[in-house]
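> Sharing run28.cif (mmCIF, C-alpha atoms) below.
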data_final
#
loop_
_atom_site.label_atom_id
_atom_site.label_comp_id
_atom_site.auth_asym_id
_atom_site.auth_seq_id
_atom_site.Cartn_x
_atom_site.Cartn_y
_atom_site.Cartn_z
CA MET A 1 0.00 0.00 0.00
CA SER A 2 1.43 3.35 -0.98
CA ARG A 3 0.67 6.57 0.81
CA MET A 4 -1.37 9.32 -0.85
CA HIS A 5 1.63 11.50 -1.63
CA ASP A 6 3.15 8.83 -3.88
CA VAL A 7 1.45 10.05 -7.06
CA GLY A 8 4.12 9.56 -9.77
CA GLY A 9 2.52 8.07 -12.90
CA ALA A 10 -1.03 8.17 -11.51
CA ASP A 11 -4.09 9.33 -13.48
CA GLY A 12 -6.95 11.56 -12.50
CA PHE A 13 -5.42 14.69 -11.02
CA GLY A 14 -6.74 16.96 -13.75
CA PRO A 15 -4.95 19.77 -15.57
CA ILE A 16 -1.81 21.54 -14.37
CA VAL A 17 -2.78 25.08 -13.48
CA GLU A 18 -0.13 27.78 -13.73
CA GLU A 19 -0.61 31.04 -11.81
CA PRO A 20 0.85 34.00 -13.71
CA ASP A 21 3.40 36.03 -11.73
CA GLU A 22 2.96 33.85 -8.67
CA PRO A 23 4.51 35.40 -5.53
CA PRO A 24 6.71 33.28 -3.20
CA PHE A 25 3.87 33.22 -0.63
CA HIS A 26 0.19 34.07 -1.05
CA SER A 27 -0.36 35.32 2.47
CA ASP A 28 1.46 36.05 5.70
CA TRP A 29 0.39 32.82 7.36
CA GLU A 30 2.05 30.77 4.61
CA ALA A 31 5.31 32.65 5.08
CA HIS A 32 5.07 32.18 8.84
CA VAL A 33 4.46 28.43 8.52
CA PHE A 34 7.48 28.23 6.21
CA ALA A 35 9.67 30.22 8.62
CA MET A 36 8.48 28.36 11.76
CA ASN A 37 9.15 25.01 10.12
CA ARG A 38 12.68 26.11 9.22
CA ALA A 39 13.27 27.24 12.80
CA LEU A 40 11.97 23.96 14.25
CA VAL A 41 14.09 21.82 11.92
CA ALA A 42 17.16 24.02 12.44
CA GLY A 43 16.53 23.82 16.19
CA GLY A 44 16.48 20.03 16.07
CA VAL A 45 12.85 19.66 17.22
CA TYR A 46 12.34 17.31 14.25
CA ASN A 47 14.17 16.53 11.02
CA LEU A 48 13.03 16.91 7.39
CA ASP A 49 12.29 13.22 6.93
CA GLU A 50 10.14 13.15 10.05
CA PHE A 51 8.37 16.19 8.62
CA ARG A 52 7.81 14.56 5.20
CA ASP A 53 6.62 11.40 6.99
CA ALA A 54 4.07 13.48 8.92
CA VAL A 55 2.86 15.29 5.77
CA GLU A 56 2.37 11.96 3.97
CA GLN A 57 0.10 10.64 6.72
CA LEU A 58 -2.30 13.60 6.82
CA PRO A 59 -5.87 12.47 6.10
CA GLY A 60 -6.48 15.67 4.13
CA TYR A 61 -3.24 15.49 2.11
CA LEU A 62 -4.87 15.68 -1.33
CA THR A 63 -7.62 18.16 -0.47
CA SER A 64 -5.73 20.75 1.61
CA SER A 65 -3.43 23.44 0.28
CA TYR A 66 0.35 22.94 0.31
CA TYR A 67 1.10 25.12 3.32
CA GLU A 68 -2.03 23.92 5.14
CA ASN A 69 -0.49 20.45 4.94
CA TRP A 70 2.79 21.86 6.25
CA PHE A 71 1.02 23.48 9.19
CA ASN A 72 -0.98 20.36 10.05
CA ALA A 73 2.14 18.16 9.86
CA MET A 74 4.06 20.64 12.01
CA CYS A 75 1.29 20.57 14.66
CA ALA A 76 1.11 16.75 14.57
CA LEU A 77 4.88 16.52 15.14
CA LEU A 78 4.87 19.12 17.93
CA VAL A 79 2.23 17.04 19.73
CA ARG A 80 3.95 13.72 19.03
CA LYS A 81 7.26 15.11 20.32
CA GLY A 82 5.59 16.39 23.47
CA VAL A 83 6.41 20.03 22.71
CA LEU A 84 2.73 21.06 22.77
CA SER A 85 -0.39 19.21 23.88
CA ALA A 86 -3.21 18.49 21.45
CA ASP A 87 -5.55 20.49 23.67
CA GLU A 88 -3.49 23.66 23.56
CA VAL A 89 -2.94 23.37 19.79
CA ASP A 90 -6.69 22.98 19.22
CA HIS A 91 -7.74 25.69 21.66
CA VAL A 92 -7.51 28.73 19.38
CA PRO A 93 -8.58 31.90 21.22
CA GLY A 94 -11.86 33.11 19.73
CA GLY A 95 -11.95 30.00 17.53
CA MET B 96 28.55 -1.48 -4.14
CA PHE B 97 27.59 -0.63 -7.71
CA GLN B 98 29.45 1.15 -10.48
CA VAL B 99 28.41 3.35 -13.39
CA GLY B 100 27.10 1.09 -16.15
CA ASP B 101 25.79 -1.63 -13.82
CA ARG B 102 22.30 -2.96 -14.44
CA VAL B 103 20.30 -2.87 -11.22
CA ARG B 104 16.78 -3.71 -10.09
CA THR B 105 14.78 -1.80 -7.49
CA SER B 106 13.07 -3.48 -4.57
CA ALA B 107 9.55 -4.63 -5.46
CA ALA B 108 8.22 -4.61 -1.90
CA ALA B 109 6.06 -1.80 -0.53
CA VAL B 110 7.30 -0.80 2.93
CA PRO B 111 5.07 0.22 5.86
CA HIS B 112 7.02 3.40 6.61
CA HIS B 113 8.37 6.60 4.99
CA THR B 114 10.52 5.83 1.97
CA ARG B 115 11.95 7.71 -1.01
CA LEU B 116 11.50 4.86 -3.48
CA PRO B 117 8.36 5.91 -5.38
CA ALA B 118 5.80 3.19 -6.12
CA TYR B 119 6.09 3.73 -9.89
CA ALA B 120 9.80 2.79 -9.73
CA ARG B 121 9.41 -0.32 -7.58
CA GLY B 122 10.54 -3.65 -9.06
CA CYS B 123 12.07 -2.01 -12.15
CA ALA B 124 15.36 -2.54 -13.99
CA GLY B 125 17.61 0.44 -14.68
CA THR B 126 21.21 1.46 -15.28
CA VAL B 127 23.53 3.21 -12.84
CA VAL B 128 24.58 6.50 -14.48
CA GLY B 129 26.19 8.20 -11.47
CA VAL B 130 27.41 7.79 -7.91
CA GLU B 131 26.29 10.51 -5.48
CA GLY B 132 28.35 9.67 -2.38
CA ARG B 133 27.07 8.50 0.99
CA TRP B 134 23.91 9.99 2.46
CA PRO B 135 21.69 9.31 5.50
CA LEU B 136 18.90 6.90 4.50
CA ALA B 137 15.59 8.81 4.56
CA ASP B 138 13.63 5.72 5.69
CA ALA B 139 15.74 5.48 8.85
CA ARG B 140 16.00 9.22 9.53
CA ALA B 141 12.19 9.50 9.45
CA GLN B 142 12.27 7.07 12.37
CA GLY B 143 14.99 8.96 14.23
CA ALA B 144 17.86 6.66 13.23
CA VAL B 145 21.04 7.42 11.28
CA VAL B 146 21.98 4.85 8.62
CA VAL B 147 24.41 6.14 6.00
CA GLN B 148 24.49 4.37 2.63
CA PRO B 149 25.86 5.01 -0.88
CA VAL B 150 23.37 6.68 -3.22
CA TYR B 151 23.35 5.97 -6.95
CA THR B 152 21.84 7.86 -9.86
CA VAL B 153 19.79 5.32 -11.80
CA ARG B 154 18.17 5.80 -15.21
CA PHE B 155 15.04 3.93 -16.27
CA SER B 156 13.26 3.80 -19.61
CA ALA B 157 9.62 4.91 -19.63
CA SER B 158 8.70 1.57 -21.19
CA GLU B 159 10.23 -0.24 -18.19
CA LEU B 160 8.42 2.01 -15.70
CA PHE B 161 5.07 2.43 -17.41
CA GLY B 162 5.01 -0.04 -20.30
CA ALA B 163 4.99 2.82 -22.81
CA GLY B 164 6.78 6.04 -23.73
CA SER B 165 10.12 6.96 -25.31
CA HIS B 166 11.58 9.16 -22.54
CA SER B 167 13.81 8.30 -19.61
CA VAL B 168 13.32 8.96 -15.90
CA THR B 169 16.33 9.30 -13.62
CA LEU B 170 16.11 8.87 -9.83
CA SER B 171 18.46 8.58 -6.87
CA MET B 172 18.57 5.23 -5.10
CA TRP B 173 19.98 4.42 -1.69
CA GLU B 174 21.88 1.15 -1.84
CA GLU B 175 19.25 -0.84 0.03
CA TYR B 176 16.65 0.03 -2.61
CA LEU B 177 18.70 -1.90 -5.20
CA THR B 178 19.75 -5.43 -6.02
CA MET C 179 -6.06 33.37 -0.88
CA THR C 180 -8.16 30.33 -0.10
CA HIS C 181 -11.49 30.49 1.67
CA SER C 182 -10.01 28.71 4.70
CA SER C 183 -7.14 31.14 5.03
CA SER C 184 -8.70 33.33 7.69
CA PRO C 185 -9.39 30.71 10.42
CA LEU C 186 -6.15 29.09 9.36
CA ALA C 187 -4.27 32.37 9.82
CA ALA C 188 -5.66 32.54 13.38
CA ARG C 189 -4.52 28.97 14.08
CA VAL C 190 -1.04 29.72 12.74
CA ARG C 191 -0.77 32.84 14.93
CA HIS C 192 -1.94 30.78 17.92
CA VAL C 193 0.68 28.05 17.43
CA GLU C 194 3.37 30.65 16.80
CA ALA C 195 2.47 32.30 20.14
CA LEU C 196 2.66 28.89 21.89
CA LEU C 197 6.07 28.22 20.37
CA GLU C 198 7.23 31.68 21.36
CA SER C 199 6.10 31.01 24.96
CA ARG C 200 8.21 27.81 24.90
CA GLY C 201 11.22 29.77 23.63
CA LEU C 202 11.28 27.76 20.37
CA VAL C 203 10.68 30.65 17.98
CA ASP C 204 11.33 34.36 18.21
CA PRO C 205 8.93 36.36 15.97
CA VAL C 206 11.50 39.09 15.34
CA GLU C 207 14.10 36.51 14.34
CA LEU C 208 11.50 34.68 12.22
CA ASP C 209 10.74 37.85 10.21
CA ARG C 210 14.43 38.63 9.85
CA ALA C 211 15.24 35.10 8.64
CA LEU C 212 12.35 35.17 6.16
CA GLU C 213 13.41 38.53 4.76
CA ALA C 214 17.01 37.34 4.41
CA PHE C 215 15.90 34.11 2.73
CA LEU C 216 13.72 35.89 0.17
CA ALA C 217 16.46 38.43 -0.55
CA ARG C 218 19.02 35.68 -1.16
CA ALA C 219 17.05 32.92 -2.89
CA SER C 220 15.36 33.71 -6.22
CA PRO C 221 15.21 32.51 -9.83
CA ALA C 222 17.53 35.43 -10.65
CA ASN C 223 20.36 33.32 -9.18
CA GLY C 224 19.61 30.55 -11.66
CA ALA C 225 19.48 33.08 -14.49
CA ARG C 226 22.96 34.39 -13.57
CA ILE C 227 24.36 30.85 -13.53
CA VAL C 228 22.84 30.06 -16.93
CA ALA C 229 24.12 33.31 -18.47
CA ARG C 230 27.66 32.63 -17.22
CA ALA C 231 27.51 29.09 -18.65
CA TRP C 232 26.40 30.52 -22.02
CA VAL C 233 29.39 32.86 -22.25
CA SER C 234 32.07 30.61 -20.70
CA ASP C 235 32.66 27.04 -21.91
CA GLU C 236 35.11 26.56 -19.06
CA PHE C 237 32.47 27.53 -16.45
CA ARG C 238 29.82 25.41 -18.19
CA ALA C 239 32.07 22.34 -18.05
CA ARG C 240 32.70 22.79 -14.32
CA LEU C 241 29.01 23.53 -13.66
CA LEU C 242 27.96 20.28 -15.31
CA ASP C 243 30.72 18.36 -13.52
CA ASP C 244 30.20 19.76 -9.99
CA ALA C 245 27.56 22.47 -9.83
CA GLY C 246 27.93 23.07 -6.09
CA ALA C 247 31.59 23.98 -6.47
CA ALA C 248 31.09 26.09 -9.62
CA LEU C 249 28.48 28.28 -7.88
CA ALA C 250 31.21 30.09 -5.96
CA ASP C 251 32.32 31.68 -9.26
CA VAL C 252 29.12 33.69 -9.37
CA GLY C 253 29.09 34.38 -5.62
CA LEU C 254 26.42 31.78 -4.83
CA SER C 255 26.22 28.60 -2.76
CA MET C 256 23.81 25.82 -1.83
CA GLY C 257 24.24 26.81 1.82
CA GLY C 258 21.32 28.06 3.85
CA GLY C 259 19.30 24.90 3.31
CA LEU C 260 18.11 22.84 6.26
CA GLN C 261 19.99 19.70 5.31
CA VAL C 262 23.04 19.35 3.10
CA GLN C 263 22.03 18.98 -0.53
CA ARG C 264 23.86 18.31 -3.75
CA LEU C 265 23.13 20.50 -6.79
CA CYS C 266 23.14 18.91 -10.24
CA VAL C 267 22.76 21.01 -13.40
CA VAL C 268 21.48 19.14 -16.46
CA GLU C 269 22.13 20.58 -19.91
CA ASN C 270 19.60 20.80 -22.73
CA THR C 271 20.98 19.99 -26.17
CA PRO C 272 19.35 19.58 -29.59
CA ALA C 273 19.23 15.82 -28.80
CA VAL C 274 17.99 15.85 -25.18
CA HIS C 275 15.57 18.09 -23.29
CA ASN C 276 15.53 17.85 -19.48
CA VAL C 277 12.62 18.41 -17.12
CA VAL C 278 12.66 18.30 -13.31
CA VAL C 279 10.09 17.04 -10.79
CA CYS C 280 9.81 15.71 -7.24
CA THR C 281 7.02 13.13 -7.40
CA LEU C 282 7.05 12.41 -3.64
CA CYS C 283 6.86 15.96 -2.31
CA SER C 284 8.27 19.22 -3.68
CA CYS C 285 12.10 18.98 -3.63
CA TYR C 286 13.62 21.91 -5.51
CA PRO C 287 16.85 23.96 -5.13
CA ILE C 288 14.97 26.31 -2.80
CA ALA C 289 18.07 27.69 -1.04
CA LEU C 290 19.27 28.90 -4.44
CA LEU C 291 16.06 29.65 -6.39
CA GLY C 292 13.52 30.47 -3.68
CA PRO C 293 10.14 28.75 -3.25
CA SER C 294 8.92 26.75 -6.24
CA PRO C 295 5.63 27.62 -7.99
CA THR C 296 2.43 25.97 -6.76
CA TRP C 297 1.96 24.02 -10.01
CA TYR C 298 5.37 22.36 -9.46
CA LYS C 299 4.14 21.07 -6.06
CA SER C 300 0.72 19.99 -7.39
CA PRO C 301 -0.21 16.29 -7.58
CA ALA C 302 -1.32 16.95 -11.19
CA TYR C 303 2.22 17.87 -12.34
CA ARG C 304 3.99 15.29 -10.17
CA ALA C 305 1.71 12.48 -11.36
CA GLN C 306 1.79 13.24 -15.08
CA VAL C 307 5.30 14.46 -15.89
CA VAL C 308 7.08 11.15 -15.22
CA ARG C 309 4.63 9.19 -17.39
CA ASP C 310 3.78 11.73 -20.10
CA PRO C 311 6.36 14.55 -20.09
CA ARG C 312 5.58 15.54 -23.67
CA GLY C 313 1.92 16.02 -22.79
CA VAL C 314 2.92 18.18 -19.82
CA LEU C 315 5.27 20.29 -21.93
CA GLU C 316 2.54 20.75 -24.55
CA SER C 317 0.22 22.06 -21.82
CA PHE C 318 2.91 24.72 -21.23
CA GLY C 319 2.87 25.44 -24.99
CA PHE C 320 6.26 23.86 -25.57
CA SER C 321 7.22 20.99 -27.91
CA PRO C 322 10.97 20.41 -27.71
CA ASP C 323 12.86 18.42 -30.32
CA GLY C 324 14.82 15.38 -29.29
CA GLU C 325 14.43 12.93 -26.45
CA ILE C 326 13.07 13.89 -23.06
CA ALA C 327 14.91 13.12 -19.85
CA VAL C 328 12.88 13.48 -16.64
CA TRP C 329 14.75 13.90 -13.33
CA ASP C 330 12.80 12.91 -10.20
CA ALA C 331 14.47 14.60 -7.19
CA ASN C 332 13.63 11.81 -4.74
CA ALA C 333 16.76 12.00 -2.54
CA GLU C 334 19.38 14.62 -1.65
CA THR C 335 20.18 15.89 -5.15
CA ARG C 336 18.43 19.02 -6.38
CA TYR C 337 18.25 19.63 -10.12
CA MET C 338 18.36 22.74 -12.29
CA VAL C 339 18.08 22.77 -16.08
CA LEU C 340 20.62 24.62 -18.23
CA PRO C 341 18.53 25.74 -21.23
CA MET C 342 19.99 26.15 -24.72
CA ARG C 343 21.11 29.67 -25.58
CA PRO C 344 18.59 31.25 -27.94
CA GLY C 345 19.75 32.17 -31.44
CA GLY C 346 20.30 35.84 -32.27
CA THR C 347 21.97 36.60 -28.94
CA GLU C 348 25.55 36.68 -30.20
CA GLY C 349 27.56 39.39 -28.49
CA TRP C 350 25.06 39.90 -25.65
CA ASP C 351 26.59 40.43 -22.21
CA GLU C 352 25.75 38.23 -19.20
CA GLU C 353 23.26 40.62 -17.69
CA ARG C 354 21.25 40.88 -20.87
CA LEU C 355 21.37 37.09 -21.38
CA ALA C 356 20.26 36.50 -17.77
CA GLY C 357 17.17 38.58 -18.51
CA LEU C 358 16.01 35.89 -20.96
CA VAL C 359 16.01 33.07 -18.42
CA THR C 360 12.75 32.17 -16.65
CA ARG C 361 11.95 30.00 -13.65
CA ASN C 362 10.00 27.66 -15.94
CA GLY C 363 13.10 27.37 -18.13
CA LEU C 364 15.15 26.33 -15.09
CA ILE C 365 12.58 23.58 -14.35
CA GLY C 366 12.42 22.55 -18.00
CA VAL C 367 8.82 23.41 -18.93
CA ALA C 368 9.87 26.38 -21.10
CA PRO C 369 12.61 26.65 -23.76
CA VAL C 370 14.56 29.27 -21.77
#
Mind turning the file's structure into structure tokens?


Amino acid sequence: MSRMHDVGGADGFGPIVEEPDEPPFHSDWEAHVFAMNRALVAGGVYNLDEFRDAVEQLPGYLTSSYYENWFNAMCALLVRKGVLSADEVDHVPGG
Amino acid sequence: MFQVGDRVRTSAAAVPHHTRLPAYARGCAGTVVGVEGRWPLADARAQGAVVVQPVYTVRFSASELFGAGSHSVTLSMWEEYLT
Amino acid sequence: MTHSSSPLAARVRHVEALLESRGLVDPVELDRALEAFLARASPANGARIVARAWVSDEFRARLLDDAGAALADVGLSMGGGLQVQRLCVVENTPAVHNVVVCTLCSCYPIALLGPSPTWYKSPAYRAQVVRDPRGVLESFGFSPDGEIAVWDANAETRYMVLPMRPGGTEGWDEERLAGLVTRNGLIGVAPV
């Protein structure tokens, strides 16, 4: 059984859509997820393969946006590593 | 250890953990076209372990990978992915 | 921006605040690192490398042999990445056209070229380009002559394409040549 990320050669993903003049990030939160992930890997909280492993196991891998997957994988790893509890991650003020 | 020009075959088995051997390239025959040095095996590092192995650049024909096509696809293979 | 971006933005701010309270991230340092990364890593770096290779056969030979080492000539490096990576530059010729993908995630020479475009990371591109590269290139309006070589960056090597120098550019200096090179050309879905 392959994981959902392992798409090479598969059919059914539809057309490739190019965004003209695409910026590096579409919003601040994407840039912050990118920067936080770099800081956590550089700080040795987890390594890149652990991160990829976590992305690959996300139930919403194929339906969420790229950086949404990054954020969800980052949160899953922070909980698994005991850095944050699931309760505090889920308890968004005003959310 | 393999050398440039060697014919190799990738592991056919799916593994129940993170790996960098894509499913489409499993159980396929290719040719070593380069040697990339020794690198930590991604499968092990995803599980918190350090296992360093030689990595080879391996070229496959599209017909071998997909049963059709005239192009080639080149991938990197840690030693344990190959026989 | 996606519809979900607003609640998501709140969740990201929340987790960032938690990490700050644990001393794991410093928002000021995060902004500084992001700014420095975006200032350093951009497709313009790839364009400079390509232009130098077009004007210097000696540089081109070293670039194709050991791209990481040759980068120093143009004041660049593969440093700044999170894990050590090897850069490999693959040269288009009349006989072979190269195109780059990472079918398993989104590997790309990000420390050198900046973030890759969304289409490069999309399952649609990753799925199709290894099986039907000519169909993918046609969807980009490009039908190269010669054979197609696809490079799947599935390990620690990151690939960049060296496009062919367009005709009619004899005598151009490096800066003017660099202006012709696009990010899509460096991935291999455009001629230059």

> Selected by the PyMOL selection byres ((chain B and resi 112-123) around 7) in the shown coordinates: which residues, as a PyMOL selection string?

(chain A and resi 2+6+8-9+53) or (chain B and resi 104-107+110-111+124-125+137-138+141+159-160) or (chain C and resi 282+332-333)

> Hey, what comes out of the PyMOL selection byres ((chain B and resi 152) around 9) on this file? Could you write it as a ChimeraX atom specification?

/B:99,126-131,150-151,153-154,169-172

> Quick one: distance from atom CA of Phe215 of chain C to atom CA of Met256 of chain C in Å, one decimal?

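Between atom CA of Phe215 of chain C and atom CA of Met256 of chain C the gap is 12.3 Å.
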
> Show me, as JSON lines, the residues of segment 180-290 of chain C having an atom within 9 Å of segment 44-47 of chain A, each with the closest atom pair and its distance in Å, using all atoms listed in the file.


{"residue": "C:Leu202", "atom": "CA", "partner": "A:Val45", "partner_atom": "CA", "distance": 8.8}
{"residue": "C:Leu260", "atom": "CA", "partner": "A:Asn47", "partner_atom": "CA", "distance": 8.8}
{"residue": "C:Gln261", "atom": "CA", "partner": "A:Asn47", "partner_atom": "CA", "distance": 8.7}

> For the residues in that selection, give me C-alpha atoms as a compact mmCIF listing (two decimals), keeping the file's coordinate frame.


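And here's again38.txt as it stands now:
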# COMPACT_ATOMS: atom_id res chain seq x y z
CA LEU C 202 11.28 27.76 20.37
CA LEU C 260 18.11 22.84 6.26
CA GLN C 261 19.99 19.70 5.31

> Residues of chain C within 10 Å of chain B, using only C-alpha atoms, as a VMD selection string?

chain C and resid 262 to 264 274 to 278 280 to 283 305 307 to 312 324 to 335

> Quick one, how far is atom CA of Val267 of chain C from atom CA of Phe34 of chain A?

25.9 Å

> Using atom CA of Glu236 of chain C and atom CA of Arg361 of chain C as the two end points, give the distance in Å to one decimal.

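If I compute the distance from atom CA of Glu236 of chain C to atom CA of Arg361 of chain C, I get 24.0 Å.
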
> Per residue of chain C within 8 Å of chain A, record the nearest atom pair and its distance in Å to one decimal, counting only C-alpha atoms, with rows in chain order and ascending residue number, as JSON lines.


{"residue": "C:Met179", "atom": "CA", "partner": "A:His26", "partner_atom": "CA", "distance": 6.3}
{"residue": "C:Pro185", "atom": "CA", "partner": "A:Gly95", "partner_atom": "CA", "distance": 7.6}
{"residue": "C:Leu186", "atom": "CA", "partner": "A:Trp29", "partner_atom": "CA", "distance": 7.8}
{"residue": "C:Ala187", "atom": "CA", "partner": "A:Trp29", "partner_atom": "CA", "distance": 5.3}
{"residue": "C:Ala188", "atom": "CA", "partner": "A:Val92", "partner_atom": "CA", "distance": 7.3}
{"residue": "C:Arg189", "atom": "CA", "partner": "A:Val92", "partner_atom": "CA", "distance": 6.1}
{"residue": "C:Val190", "atom": "CA", "partner": "A:Trp29", "partner_atom": "CA", "distance": 6.4}
{"residue": "C:Arg191", "atom": "CA", "partner": "A:Trp29", "partner_atom": "CA", "distance": 7.7}
{"residue": "C:His192", "atom": "CA", "partner": "A:Val92", "partner_atom": "CA", "distance": 6.1}
{"residue": "C:Val193", "atom": "CA", "partner": "A:Val89", "partner_atom": "CA", "distance": 6.4}
{"residue": "C:Glu194", "atom": "CA", "partner": "A:Met36", "partner_atom": "CA", "distance": 7.5}
{"residue": "C:Leu196", "atom": "CA", "partner": "A:Leu84", "partner_atom": "CA", "distance": 7.9}
{"residue": "C:Leu202", "atom": "CA", "partner": "A:Leu40", "partner_atom": "CA", "distance": 7.2}
{"residue": "C:Val203", "atom": "CA", "partner": "A:Ala39", "partner_atom": "CA", "distance": 6.7}
{"residue": "C:Leu208", "atom": "CA", "partner": "A:Ala35", "partner_atom": "CA", "distance": 6.0}
{"residue": "C:Asp209", "atom": "CA", "partner": "A:Ala35", "partner_atom": "CA", "distance": 7.9}
{"residue": "C:Ala211", "atom": "CA", "partner": "A:Ala35", "partner_atom": "CA", "distance": 7.4}
{"residue": "C:Leu212", "atom": "CA", "partner": "A:Ala35", "partner_atom": "CA", "distance": 6.1}
{"residue": "C:Leu260", "atom": "CA", "partner": "A:Ala42", "partner_atom": "CA", "distance": 6.4}
{"residue": "C:Gln261", "atom": "CA", "partner": "A:Leu48", "partner_atom": "CA", "distance": 7.8}
{"residue": "C:Thr281", "atom": "CA", "partner": "A:Gly8", "partner_atom": "CA", "distance": 5.2}
{"residue": "C:Leu282", "atom": "CA", "partner": "A:Asp6", "partner_atom": "CA", "distance": 5.3}
{"residue": "C:Cys283", "atom": "CA", "partner": "A:His5", "partner_atom": "CA", "distance": 6.9}
{"residue": "C:Gly292", "atom": "CA", "partner": "A:Pro24", "partner_atom": "CA", "distance": 7.4}
{"residue": "C:Pro293", "atom": "CA", "partner": "A:Pro24", "partner_atom": "CA", "distance": 5.7}
{"residue": "C:Ser294", "atom": "CA", "partner": "A:Pro24", "partner_atom": "CA", "distance": 7.5}
{"residue": "C:Pro295", "atom": "CA", "partner": "A:Glu22", "partner_atom": "CA", "distance": 6.8}
{"residue": "C:Thr296", "atom": "CA", "partner": "A:Glu18", "partner_atom": "CA", "distance": 7.6}
{"residue": "C:Trp297", "atom": "CA", "partner": "A:Glu18", "partner_atom": "CA", "distance": 5.7}
{"residue": "C:Lys299", "atom": "CA", "partner": "A:Tyr66", "partner_atom": "CA", "distance": 7.6}
{"residue": "C:Ser300", "atom": "CA", "partner": "A:Ile16", "partner_atom": "CA", "distance": 7.6}
{"residue": "C:Pro301", "atom": "CA", "partner": "A:Phe13", "partner_atom": "CA", "distance": 6.4}
{"residue": "C:Ala302", "atom": "CA", "partner": "A:Phe13", "partner_atom": "CA", "distance": 4.7}
{"residue": "C:Tyr303", "atom": "CA", "partner": "A:Ile16", "partner_atom": "CA", "distance": 5.8}
{"residue": "C:Arg304", "atom": "CA", "partner": "A:Gly8", "partner_atom": "CA", "distance": 5.7}
{"residue": "C:Ala305", "atom": "CA", "partner": "A:Gly8", "partner_atom": "CA", "distance": 4.1}
{"residue": "C:Gln306", "atom": "CA", "partner": "A:Gly9", "partner_atom": "CA", "distance": 5.7}
{"residue": "C:Val307", "atom": "CA", "partner": "A:Gly9", "partner_atom": "CA", "distance": 7.6}
{"residue": "C:Val308", "atom": "CA", "partner": "A:Gly9", "partner_atom": "CA", "distance": 6.0}
{"residue": "C:Arg309", "atom": "CA", "partner": "A:Gly9", "partner_atom": "CA", "distance": 5.1}
{"residue": "C:Val314", "atom": "CA", "partner": "A:Ile16", "partner_atom": "CA", "distance": 8.0}
{"residue": "C:Ser317", "atom": "CA", "partner": "A:Ile16", "partner_atom": "CA", "distance": 7.7}

> Assuming the chain letters and numbering stay as they are in my file, what does the PyMOL selection byres ((chain C and resi 366) around 9) actually select? List them as a ChimeraX atom specification.

/C:270,275-278,315,338-341,361-365,367-370

> When you count all atoms listed in the file, which of these residues is closest to chain A: B:Met96, B:Leu177, B:Ala144, B:Ala109?

B:Ala109

> Considering all atoms listed in the file, can you say which of B:Val103, B:Phe97, B:Arg133, B:Arg140 comes closest to chain A?

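Among B:Val103, B:Phe97, B:Arg133, B:Arg140, it is B:Arg140 that comes nearest to chain A.
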
> Please list as a PyMOL selection string every residue within 12 Å of Ala239 of chain C, counting all atoms listed in the file and excluding residues in the same chain fewer than 4 positions away.

chain C and resi 230-235+243-245+247-248+267-269+340

> Please export segment 60-89 of chain A as an mmCIF file, in the first residue's frame, restricted to C-alpha atoms.


data_model
loop_
_atom_site.group_PDB
_atom_site.id
_atom_site.type_symbol
_atom_site.label_atom_id
_atom_site.label_comp_id
_atom_site.auth_asym_id
_atom_site.auth_seq_id
_atom_site.Cartn_x
_atom_site.Cartn_y
_atom_site.Cartn_z
ATOM 1 C CA GLY A 60 -6.481 15.671 4.128
ATOM 2 C CA TYR A 61 -3.245 15.488 2.114
ATOM 3 C CA LEU A 62 -4.867 15.680 -1.332
ATOM 4 C CA THR A 63 -7.622 18.163 -0.465
ATOM 5 C CA SER A 64 -5.734 20.750 1.611
ATOM 6 C CA SER A 65 -3.427 23.440 0.281
ATOM 7 C CA TYR A 66 0.346 22.940 0.306
ATOM 8 C CA TYR A 67 1.097 25.121 3.321
ATOM 9 C CA GLU A 68 -2.027 23.921 5.143
ATOM 10 C CA ASN A 69 -0.487 20.446 4.941
ATOM 11 C CA TRP A 70 2.789 21.861 6.246
ATOM 12 C CA PHE A 71 1.016 23.481 9.186
ATOM 13 C CA ASN A 72 -0.984 20.357 10.048
ATOM 14 C CA ALA A 73 2.137 18.164 9.862
ATOM 15 C CA MET A 74 4.063 20.642 12.015
ATOM 16 C CA CYS A 75 1.289 20.570 14.664
ATOM 17 C CA ALA A 76 1.115 16.752 14.569
ATOM 18 C CA LEU A 77 4.883 16.522 15.136
ATOM 19 C CA LEU A 78 4.867 19.116 17.928
ATOM 20 C CA VAL A 79 2.227 17.042 19.727
ATOM 21 C CA ARG A 80 3.953 13.718 19.033
ATOM 22 C CA LYS A 81 7.264 15.105 20.317
ATOM 23 C CA GLY A 82 5.585 16.386 23.474
ATOM 24 C CA VAL A 83 6.407 20.033 22.707
ATOM 25 C CA LEU A 84 2.729 21.060 22.773
ATOM 26 C CA SER A 85 -0.391 19.214 23.884
ATOM 27 C CA ALA A 86 -3.212 18.485 21.449
ATOM 28 C CA ASP A 87 -5.549 20.492 23.668
ATOM 29 C CA GLU A 88 -3.490 23.664 23.557
ATOM 30 C CA VAL A 89 -2.944 23.372 19.786
#
